[in-house]
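Visitor: Input file: target_30.cif. Contents: mmCIF, C-alpha atoms.
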```cif
data_entry
#
loop_
_atom_site.group_PDB
_atom_site.id
_atom_site.type_symbol
_atom_site.label_atom_id
_atom_site.label_comp_id
_atom_site.auth_asym_id
_atom_site.auth_seq_id
_atom_site.Cartn_x
_atom_site.Cartn_y
_atom_site.Cartn_z
ATOM 1 C CA MET A 268 72.458 137.510 86.094
ATOM 2 C CA LEU A 269 70.241 140.369 84.948
ATOM 3 C CA LEU A 270 68.433 139.946 81.648
ATOM 4 C CA THR A 271 66.425 142.671 79.899
ATOM 5 C CA CYS A 272 63.800 142.014 77.244
ATOM 6 C CA PRO A 273 64.873 143.902 74.082
ATOM 7 C CA SER A 274 61.215 144.474 73.195
ATOM 8 C CA CYS A 275 59.548 145.836 76.345
ATOM 9 C CA GLU A 276 62.607 146.358 78.586
ATOM 10 C CA THR A 277 61.213 144.196 81.391
ATOM 11 C CA ARG A 278 64.093 143.029 83.579
ATOM 12 C CA TYR A 279 64.545 139.562 85.036
ATOM 13 C CA GLN A 280 66.848 138.066 87.650
ATOM 14 C CA VAL A 281 67.963 134.836 85.986
ATOM 15 C CA ASP A 282 69.700 131.971 87.762
ATOM 16 C CA ASP A 283 73.213 131.651 86.279
ATOM 17 C CA ALA A 284 72.737 127.886 85.982
ATOM 18 C CA ALA A 285 69.636 128.333 83.802
ATOM 19 C CA ILE A 286 71.583 129.671 80.811
ATOM 20 C CA ASP A 287 74.852 128.307 79.450
ATOM 21 C CA ARG A 288 77.180 131.309 79.207
ATOM 22 C CA ALA A 289 78.772 130.255 75.895
ATOM 23 C CA ALA A 290 75.911 128.507 74.077
ATOM 24 C CA GLY A 291 73.119 130.650 75.448
ATOM 25 C CA ARG A 292 69.464 129.703 75.482
ATOM 26 C CA ARG A 293 66.188 130.628 73.894
ATOM 27 C CA VAL A 294 64.088 132.773 76.269
ATOM 28 C CA ARG A 295 60.575 134.174 76.219
ATOM 29 C CA CYS A 296 59.465 137.405 77.934
ATOM 30 C CA ALA A 297 56.531 136.854 80.271
ATOM 31 C CA ASN A 298 55.416 140.461 79.855
ATOM 32 C CA CYS A 299 55.187 140.803 76.052
ATOM 33 C CA GLY A 300 55.837 137.238 74.831
ATOM 34 C CA TYR A 301 58.894 138.209 72.809
ATOM 35 C CA LEU A 302 61.104 135.213 71.937
ATOM 36 C CA TRP A 303 64.850 135.471 71.323
ATOM 37 C CA HIS A 304 68.159 133.676 71.843
ATOM 38 C CA PHE A 305 70.203 135.088 74.713
ATOM 39 C CA ALA A 306 73.909 134.290 75.049
ATOM 40 C CA PRO A 307 75.702 136.009 77.958
ATOM 41 C CA ALA A 308 79.102 135.464 76.325
ATOM 42 C CA LEU A 309 78.089 137.698 73.413
ATOM 43 C CA GLU A 310 77.363 140.720 75.600
ATOM 44 C CA ASP A 311 80.999 141.784 75.860
ATOM 45 C CA ASN A 312 82.064 140.771 72.365
ATOM 46 C CA LEU A 313 79.149 141.585 70.056
ATOM 47 C CA PRO A 314 79.800 144.753 67.960
ATOM 48 C CA THR A 315 77.455 147.688 68.262
ATOM 49 C CA GLU A 316 76.281 147.164 64.682
ATOM 50 C CA ALA A 317 75.864 143.731 63.124
ATOM 51 C CA SER A 318 78.237 142.859 60.261
ATOM 52 C CA PRO A 319 76.798 142.296 56.753
ATOM 53 C CA GLU A 320 77.735 138.587 56.994
ATOM 54 C CA ARG A 321 75.830 138.204 60.271
ATOM 55 C CA LEU A 322 72.782 140.023 58.933
ATOM 56 C CA ALA A 323 72.762 137.883 55.773
ATOM 57 C CA ALA A 324 73.075 134.665 57.796
ATOM 58 C CA ALA A 325 70.281 135.744 60.127
ATOM 59 C CA ARG A 326 67.938 136.613 57.240
ATOM 60 C CA ALA A 327 68.637 133.303 55.483
ATOM 61 C CA ALA A 328 67.932 131.163 58.546
ATOM 62 C CA PRO A 329 64.407 129.850 59.290
ATOM 63 C CA VAL A 330 62.766 132.040 61.884
ATOM 64 C CA ARG A 331 60.285 131.697 64.671
ATOM 65 C CA ALA A 332 58.590 135.058 65.164
ATOM 66 C CA GLY A 333 57.372 136.489 68.445
ATOM 67 C CA PRO A 334 53.681 137.059 69.129
ATOM 68 C CA ALA A 335 51.662 139.453 67.013
ATOM 69 C CA GLY A 336 52.222 143.078 67.904
ATOM 70 C CA ALA A 337 55.558 142.463 69.664
ATOM 71 C CA ILE A 338 57.992 145.320 69.185
ATOM 72 C CA PRO A 339 61.256 144.064 67.648
ATOM 73 C CA PRO A 340 64.515 145.075 69.313
ATOM 74 C CA PRO A 341 67.100 147.233 67.574
ATOM 75 C CA ARG A 342 69.447 145.504 65.163
ATOM 76 C CA GLY A 343 72.662 144.309 66.752
ATOM 77 C CA THR A 344 71.298 144.275 70.337
ATOM 78 C CA ALA A 345 74.041 142.965 72.633
ATOM 79 C CA GLY A 346 73.382 139.521 74.086
ATOM 80 C CA SER A 347 71.011 138.439 71.314
ATOM 81 C CA ALA A 348 71.949 136.126 68.466
ATOM 82 C CA ALA A 349 68.758 136.998 66.556
ATOM 83 C CA VAL A 350 68.057 140.093 64.477
ATOM 84 C CA ASP A 351 64.723 142.028 64.426
ATOM 85 C CA GLY A 352 62.862 139.401 66.476
ATOM 86 C CA GLU A 353 64.134 136.429 64.431
ATOM 87 C CA VAL A 354 65.147 133.247 66.238
ATOM 88 C CA ALA A 355 66.918 130.460 64.327
ATOM 89 C CA GLU A 356 65.464 126.936 64.459
ATOM 90 C CA GLY A 357 68.890 125.645 65.459
ATOM 91 C CA ASP A 358 68.934 127.631 68.706
ATOM 92 C CA ALA A 359 68.877 125.971 72.118
ATOM 93 C CA ALA A 360 66.379 123.131 72.282
ATOM 94 C CA SER A 361 64.392 124.329 75.315
ATOM 95 C CA THR A 362 62.855 127.729 75.927
ATOM 96 C CA LEU A 363 63.320 129.429 79.287
ATOM 97 C CA GLU A 364 60.089 131.071 80.291
ATOM 98 C CA LEU A 365 61.057 134.341 81.935
ATOM 99 C CA GLY A 366 58.956 135.239 84.934
ATOM 100 C CA SER A 367 59.244 131.708 86.328
ATOM 101 C CA ALA A 368 60.871 130.796 89.632
ATOM 102 C CA ALA A 369 64.242 130.491 87.869
ATOM 103 C CA ALA A 370 63.899 133.910 86.249
ATOM 104 C CA PRO A 371 61.621 136.216 88.284
ATOM 105 C CA ALA A 372 60.787 139.638 86.903
ATOM 106 C CA LEU A 373 62.159 142.713 88.610
ATOM 107 C CA ALA A 374 60.147 145.846 89.119
ATOM 108 C CA THR A 375 60.146 147.800 85.883
ATOM 109 C CA VAL A 376 60.333 151.555 85.567
ATOM 110 C CA SER A 377 58.741 152.950 82.433
ATOM 111 C CA SER A 378 60.344 155.828 80.574
ATOM 112 C CA LEU A 379 57.508 158.120 81.667
ATOM 113 C CA ARG A 380 57.795 157.085 85.283
ATOM 114 C CA ARG A 381 61.579 157.381 85.167
ATOM 115 C CA GLY A 382 61.202 160.873 83.737
ATOM 116 C CA LEU A 383 58.742 161.830 86.472
ATOM 117 C CA ILE A 384 61.099 160.530 89.139
ATOM 118 C CA GLN A 385 63.975 162.536 87.681
ATOM 119 C CA LEU A 386 61.770 165.627 87.428
ATOM 120 C CA GLY A 387 60.647 165.183 91.027
ATOM 121 C CA ALA A 388 64.233 164.847 92.193
ATOM 122 C CA ALA A 389 65.171 168.012 90.302
ATOM 123 C CA VAL A 390 62.248 169.898 91.885
ATOM 124 C CA VAL A 391 63.322 168.751 95.353
ATOM 125 C CA VAL A 392 66.870 169.987 94.725
ATOM 126 C CA VAL A 393 65.637 173.351 93.408
ATOM 127 C CA VAL A 394 63.310 173.812 96.380
ATOM 128 C CA ALA A 395 66.056 172.808 98.809
ATOM 129 C CA VAL A 396 68.360 175.439 97.293
ATOM 130 C CA LEU A 397 65.852 178.261 96.733
ATOM 131 C CA ALA A 398 63.740 177.945 99.894
ATOM 132 C CA PRO A 399 66.481 179.153 102.289
ATOM 133 C CA ILE A 400 67.303 181.976 99.844
ATOM 134 C CA LEU A 401 63.810 183.260 99.071
ATOM 135 C CA GLY A 402 62.627 182.720 102.626
ATOM 136 C CA ARG A 403 65.760 184.010 104.329
ATOM 137 C CA ASN A 404 63.918 186.691 106.317
ATOM 138 C CA THR A 405 61.697 184.030 107.856
ATOM 139 C CA VAL A 406 64.766 181.901 108.580
ATOM 140 C CA VAL A 407 66.452 184.840 110.321
ATOM 141 C CA GLU A 408 63.303 185.506 112.359
ATOM 142 C CA THR A 409 63.343 181.939 113.630
ATOM 143 C CA TRP A 410 67.130 181.652 113.946
ATOM 144 C CA PRO A 411 68.735 185.108 114.312
ATOM 145 C CA GLU A 412 72.294 183.747 114.162
ATOM 146 C CA SER A 413 71.670 182.678 110.540
ATOM 147 C CA ALA A 414 71.918 186.338 109.506
ATOM 148 C CA LYS A 415 75.710 186.004 109.765
ATOM 149 C CA VAL A 416 75.665 183.080 107.323
ATOM 150 C CA TYR A 417 73.632 185.049 104.778
ATOM 151 C CA GLU A 418 75.980 188.019 105.183
ATOM 152 C CA VAL A 419 79.006 185.824 104.409
ATOM 153 C CA VAL A 420 77.482 184.667 101.091
ATOM 154 C CA GLY A 421 76.435 188.220 100.173
ATOM 155 C CA LEU A 422 72.677 187.940 100.773
ATOM 156 C CA THR A 423 70.934 190.761 102.572
ATOM 157 C CA THR A 424 68.184 190.126 105.115
ATOM 158 C CA ALA A 425 65.565 192.271 106.804
ATOM 159 C CA GLY A 426 67.798 192.463 109.863
ATOM 160 C CA PRO A 427 67.521 190.870 113.292
ATOM 161 C CA GLY A 428 64.391 191.359 115.345
ATOM 162 C CA ARG A 429 61.957 191.510 112.413
ATOM 163 C CA GLY A 430 58.485 191.268 113.907
ATOM 164 C CA LEU A 431 59.689 192.177 117.404
ATOM 165 C CA ASP A 432 59.256 195.422 119.303
ATOM 166 C CA VAL A 433 61.558 196.579 122.092
ATOM 167 C CA LYS A 434 60.921 199.345 124.637
ATOM 168 C CA VAL A 435 63.329 200.549 127.348
ATOM 169 C CA THR A 436 62.935 202.613 130.473
ATOM 170 C CA PRO A 437 66.025 204.328 131.965
ATOM 171 C CA LEU A 438 66.458 205.101 135.657
ATOM 172 C CA ARG A 439 69.359 206.937 137.255
ATOM 173 C CA ASN A 440 70.288 205.390 140.563
ATOM 174 C CA GLU A 441 73.261 206.449 142.704
ATOM 175 C CA GLY A 442 75.601 207.225 139.840
ATOM 176 C CA ALA A 443 74.383 204.343 137.649
ATOM 177 C CA PHE A 444 72.024 204.020 134.710
ATOM 178 C CA VAL A 445 69.550 201.158 135.285
ATOM 179 C CA ILE A 446 67.813 200.123 132.075
ATOM 180 C CA THR A 447 64.763 197.844 132.050
ATOM 181 C CA GLY A 448 63.235 196.706 128.813
ATOM 182 C CA GLU A 449 60.426 194.663 127.327
ATOM 183 C CA ILE A 450 60.424 192.709 124.056
ATOM 184 C CA THR A 451 57.094 191.936 122.342
ATOM 185 C CA ASN A 452 56.361 189.591 119.455
ATOM 186 C CA THR A 453 53.953 191.502 117.192
ATOM 187 C CA THR A 454 53.538 188.682 114.655
ATOM 188 C CA SER A 455 51.171 185.712 114.454
ATOM 189 C CA HIS A 456 54.002 183.162 114.605
ATOM 190 C CA ALA A 457 56.893 182.307 116.908
ATOM 191 C CA VAL A 458 60.002 184.474 116.414
ATOM 192 C CA GLY A 459 63.566 183.925 117.598
ATOM 193 C CA VAL A 460 64.896 186.667 119.864
ATOM 194 C CA PRO A 461 68.332 188.136 118.959
ATOM 195 C CA PRO A 462 70.638 190.055 121.314
ATOM 196 C CA VAL A 463 69.699 193.648 122.165
ATOM 197 C CA ARG A 464 72.106 196.575 121.824
ATOM 198 C CA VAL A 465 71.324 199.132 124.556
ATOM 199 C CA SER A 466 73.125 202.460 124.110
ATOM 200 C CA LEU A 467 73.467 205.672 126.080
ATOM 201 C CA ARG A 468 73.261 208.867 124.025
ATOM 202 C CA ASP A 469 74.061 212.518 124.537
ATOM 203 C CA VAL A 470 71.850 215.496 123.789
ATOM 204 C CA THR A 471 72.678 215.219 120.069
ATOM 205 C CA GLN A 472 71.613 211.518 120.087
ATOM 206 C CA LYS A 473 75.195 210.432 119.558
ATOM 207 C CA GLU A 474 76.023 207.086 121.108
ATOM 208 C CA VAL A 475 78.524 207.489 123.927
ATOM 209 C CA GLU A 476 78.358 204.018 125.502
ATOM 210 C CA TYR A 477 76.617 200.712 124.863
ATOM 211 C CA GLN A 478 76.070 197.184 126.163
ATOM 212 C CA ILE A 479 75.008 194.000 124.381
ATOM 213 C CA VAL A 480 72.258 192.245 126.318
ATOM 214 C CA ASP A 481 71.736 188.552 125.758
ATOM 215 C CA PRO A 482 68.141 187.652 124.833
ATOM 216 C CA PRO A 483 66.077 186.735 127.903
ATOM 217 C CA VAL A 484 64.433 183.915 125.932
ATOM 218 C CA GLU A 485 65.350 182.100 122.715
ATOM 219 C CA THR A 486 61.901 182.327 121.110
ATOM 220 C CA LEU A 487 58.761 184.348 121.691
ATOM 221 C CA SER A 488 55.335 182.942 120.904
ATOM 222 C CA PRO A 489 52.786 185.128 119.029
ATOM 223 C CA GLY A 490 51.946 188.153 121.181
ATOM 224 C CA GLY A 491 54.406 187.018 123.852
ATOM 225 C CA THR A 492 56.608 189.347 125.896
ATOM 226 C CA ALA A 493 59.946 189.042 127.715
ATOM 227 C CA GLN A 494 61.712 191.451 130.078
ATOM 228 C CA PHE A 495 65.397 192.234 130.488
ATOM 229 C CA LYS A 496 67.542 194.493 132.658
ATOM 230 C CA THR A 497 71.037 195.912 132.421
ATOM 231 C CA VAL A 498 73.040 198.413 134.498
ATOM 232 C CA PHE A 499 75.602 200.980 133.337
ATOM 233 C CA GLU A 500 77.928 201.505 136.284
ATOM 234 C CA HIS A 501 79.542 204.956 136.244
ATOM 235 C CA PRO A 502 78.048 205.951 132.896
ATOM 236 C CA ASN A 503 79.509 208.627 130.650
ATOM 237 C CA ILE A 504 78.642 212.041 132.092
ATOM 238 C CA ALA A 505 77.381 213.170 128.690
ATOM 239 C CA ALA A 506 74.705 210.460 128.648
ATOM 240 C CA THR A 507 71.211 211.888 128.848
ATOM 241 C CA ASP A 508 69.106 209.357 126.954
ATOM 242 C CA VAL A 509 68.913 205.653 126.150
ATOM 243 C CA ALA A 510 68.027 203.683 123.004
ATOM 244 C CA ALA A 511 67.773 200.002 122.133
ATOM 245 C CA LYS A 512 67.795 197.960 118.936
ATOM 246 C CA PHE A 513 68.183 194.321 117.977
ATOM 247 C CA GLY A 514 71.583 193.017 116.940
ATOM 248 C CA THR A 515 75.144 193.590 117.987
ATOM 249 C CA GLU A 516 76.120 196.303 115.492
#
```
Re-express the file's structure as structure tokens.
Guide:
Amino acid sequence: MLLTCPSCETRYQVDDAAIDRAAGRRVRCANCGYLWHFAPALEDNLPTEASPERLAAARAAPVRAGPAGAIPPPRGTAGSAAVDGEVAEGDAASTLELGSAAAPALATVSSLRRGLIQLGAAVVVVVAVLAPILGRNTVVETWPESAKVYEVVGLTTAGPGRGLDVKVTPLRNEGAFVITGEITNTTSHAVGVPPVRVSLRDVTQKEVEYQIVDPPVETLSPGGTAQFKTVFEHPNIAATDVAAKFGTE
């Protein structure tokens, strides 16, 4: 069974055979020296606040106080037959020394430490939620497909290809438009490469035809380059120029 000192809140794992469930037993905390009578059977039945008759009986009984400076437990603590650190002389004959082999102490967590753990957990949750939001442009740079996820939840991003530069060179060849291009990473960190939209335009720069070119590589290292090529067979006769941008729209 688990037993908690009502004075310092140190917890102990007590052998069930060491304490009679009905009669209980006098126990002493190894951490603070507090002495009290513990009866497991009272835990479920003891009222939250002690009755006047119980308080009067406890005050009238001879007491054996805990060590000097021990902090008394609250009145009416469940599982204790004593009030404010008082233990009746008629309690169990032998005292169980907590912290012994029959009742080893469990690791204790102070209120301050518990608060710090809870605060740390809250910080981790906040960071886990805010980091992908505040750093979404960096996420999209590394993983271009994530832009669709941000769009679904209503968050705008800097757009695909942030930090990348694309240049294309058109060449007419026997009734076809052959487009070669080069992608360059202009940043100081690796960047994911999204698809490239290559479009043919007329003299007014209106798009008349386009193709989506899959990225030649998934990621470009800082300063790295990658080449691609696409062919427009039988292009629109109005096409006179070519343009390229990252993305599929």
Visitor: For the file shown, report as a VMD selection string the outcome of the PyMOL selection byres ((chain A and resi 286-294) around 8) at residue level.
Guide: chain A and resid 282 to 285 295 to 296 302 to 309 358 to 365
Visitor: May I have the selected residues written with C-alpha atoms, as a PDB file, keeping the file's coordinate frame?
Guide:
```pdb
ATOM      1  CA  ASP A 282      69.700 131.971  87.762  1.00  0.00           C
ATOM      2  CA  ASP A 283      73.213 131.651  86.279  1.00  0.00           C
ATOM      3  CA  ALA A 284      72.737 127.886  85.982  1.00  0.00           C
ATOM      4  CA  ALA A 285      69.636 128.333  83.802  1.00  0.00           C
ATOM      5  CA  ARG A 295      60.575 134.174  76.219  1.00  0.00           C
ATOM      6  CA  CYS A 296      59.465 137.405  77.934  1.00  0.00           C
ATOM      7  CA  LEU A 302      61.104 135.213  71.937  1.00  0.00           C
ATOM      8  CA  TRP A 303      64.850 135.471  71.323  1.00  0.00           C
ATOM      9  CA  HIS A 304      68.159 133.676  71.843  1.00  0.00           C
ATOM     10  CA  PHE A 305      70.203 135.088  74.713  1.00  0.00           C
ATOM     11  CA  ALA A 306      73.909 134.290  75.049  1.00  0.00           C
ATOM     12  CA  PRO A 307      75.702 136.009  77.958  1.00  0.00           C
ATOM     13  CA  ALA A 308      79.102 135.464  76.325  1.00  0.00           C
ATOM     14  CA  LEU A 309      78.089 137.698  73.413  1.00  0.00           C
ATOM     15  CA  ASP A 358      68.934 127.631  68.706  1.00  0.00           C
ATOM     16  CA  ALA A 359      68.877 125.971  72.118  1.00  0.00           C
ATOM     17  CA  ALA A 360      66.379 123.131  72.282  1.00  0.00           C
ATOM     18  CA  SER A 361      64.392 124.329  75.315  1.00  0.00           C
ATOM     19  CA  THR A 362      62.855 127.729  75.927  1.00  0.00           C
ATOM     20  CA  LEU A 363      63.320 129.429  79.287  1.00  0.00           C
ATOM     21  CA  GLU A 364      60.089 131.071  80.291  1.00  0.00           C
ATOM     22  CA  LEU A 365      61.057 134.341  81.935  1.00  0.00           C
TER      23      LEU A 365
END
```
Visitor: Pick the closest to Ser455 in chain A from A:Pro437, A:Gly442, A:Pro427, A:Gly491: which is it, counting all atoms listed in the file?
Guide: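 Using all atoms listed in the file, the shortest distance to Ser455 in chain A belongs to A:Gly491.
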Visitor: Quick one: which residues end up in the PyMOL selection byres ((chain A and resi 436) around 9) for this structure, as an mmCIF file with C-alpha atoms, in the coordinates of the input?
Guide:
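Written file, out_19.cif:
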```cif
data_model
loop_
_atom_site.group_PDB
_atom_site.id
_atom_site.type_symbol
_atom_site.label_atom_id
_atom_site.label_comp_id
_atom_site.auth_asym_id
_atom_site.auth_seq_id
_atom_site.Cartn_x
_atom_site.Cartn_y
_atom_site.Cartn_z
ATOM 1 C CA LYS A 434 60.921 199.345 124.637
ATOM 2 C CA VAL A 435 63.329 200.549 127.348
ATOM 3 C CA PRO A 437 66.025 204.328 131.965
ATOM 4 C CA LEU A 438 66.458 205.101 135.657
ATOM 5 C CA VAL A 445 69.550 201.158 135.285
ATOM 6 C CA ILE A 446 67.813 200.123 132.075
ATOM 7 C CA THR A 447 64.763 197.844 132.050
ATOM 8 C CA GLY A 448 63.235 196.706 128.813
ATOM 9 C CA GLU A 449 60.426 194.663 127.327
ATOM 10 C CA VAL A 509 68.913 205.653 126.150
#
```
Visitor: Here is a test: counting only C-alpha atoms, which residue of A:Gly402, A:Val433, A:Ile504, A:Val392 is nearest to Pro482 in chain A?
Guide: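 Closest candidate: A:Val433.
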Visitor: Applying the PyMOL selection byres ((chain A and resi 499) around 8) to the file I just gave you, which residues come out? Please list them as a VMD selection string.
Guide: chain A and resid 443 to 446 497 to 498 500 to 502
Visitor: Write to file, as a tab-separated table (two decimals), in the frame of the given file, the residues of the selection just made, with C-alpha atoms.
Guide:
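Here's the written file again.tsv:
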```
chain	number	residue	atom	x	y	z
A	443	ALA	CA	74.38	204.34	137.65
A	444	PHE	CA	72.02	204.02	134.71
A	445	VAL	CA	69.55	201.16	135.28
A	446	ILE	CA	67.81	200.12	132.07
A	497	THR	CA	71.04	195.91	132.42
A	498	VAL	CA	73.04	198.41	134.50
A	500	GLU	CA	77.93	201.50	136.28
A	501	HIS	CA	79.54	204.96	136.24
A	502	PRO	CA	78.05	205.95	132.90
```
Visitor: State, in Å with one decimal place, the distance from CA of Cys275 in chain A to CA of Gly387 in chain A.
Guide: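 Computing the Euclidean distance for CA of Cys275 in chain A and CA of Gly387 in chain A yields 24.3 Å.
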Visitor: Taking all atoms listed in the file into account, name the residue in A:Thr471, A:His456, A:Thr451, A:Val465 that is nearest to Gln494 in chain A.
Guide: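 For Gln494 in chain A, the nearest of the given residues is A:Thr451.
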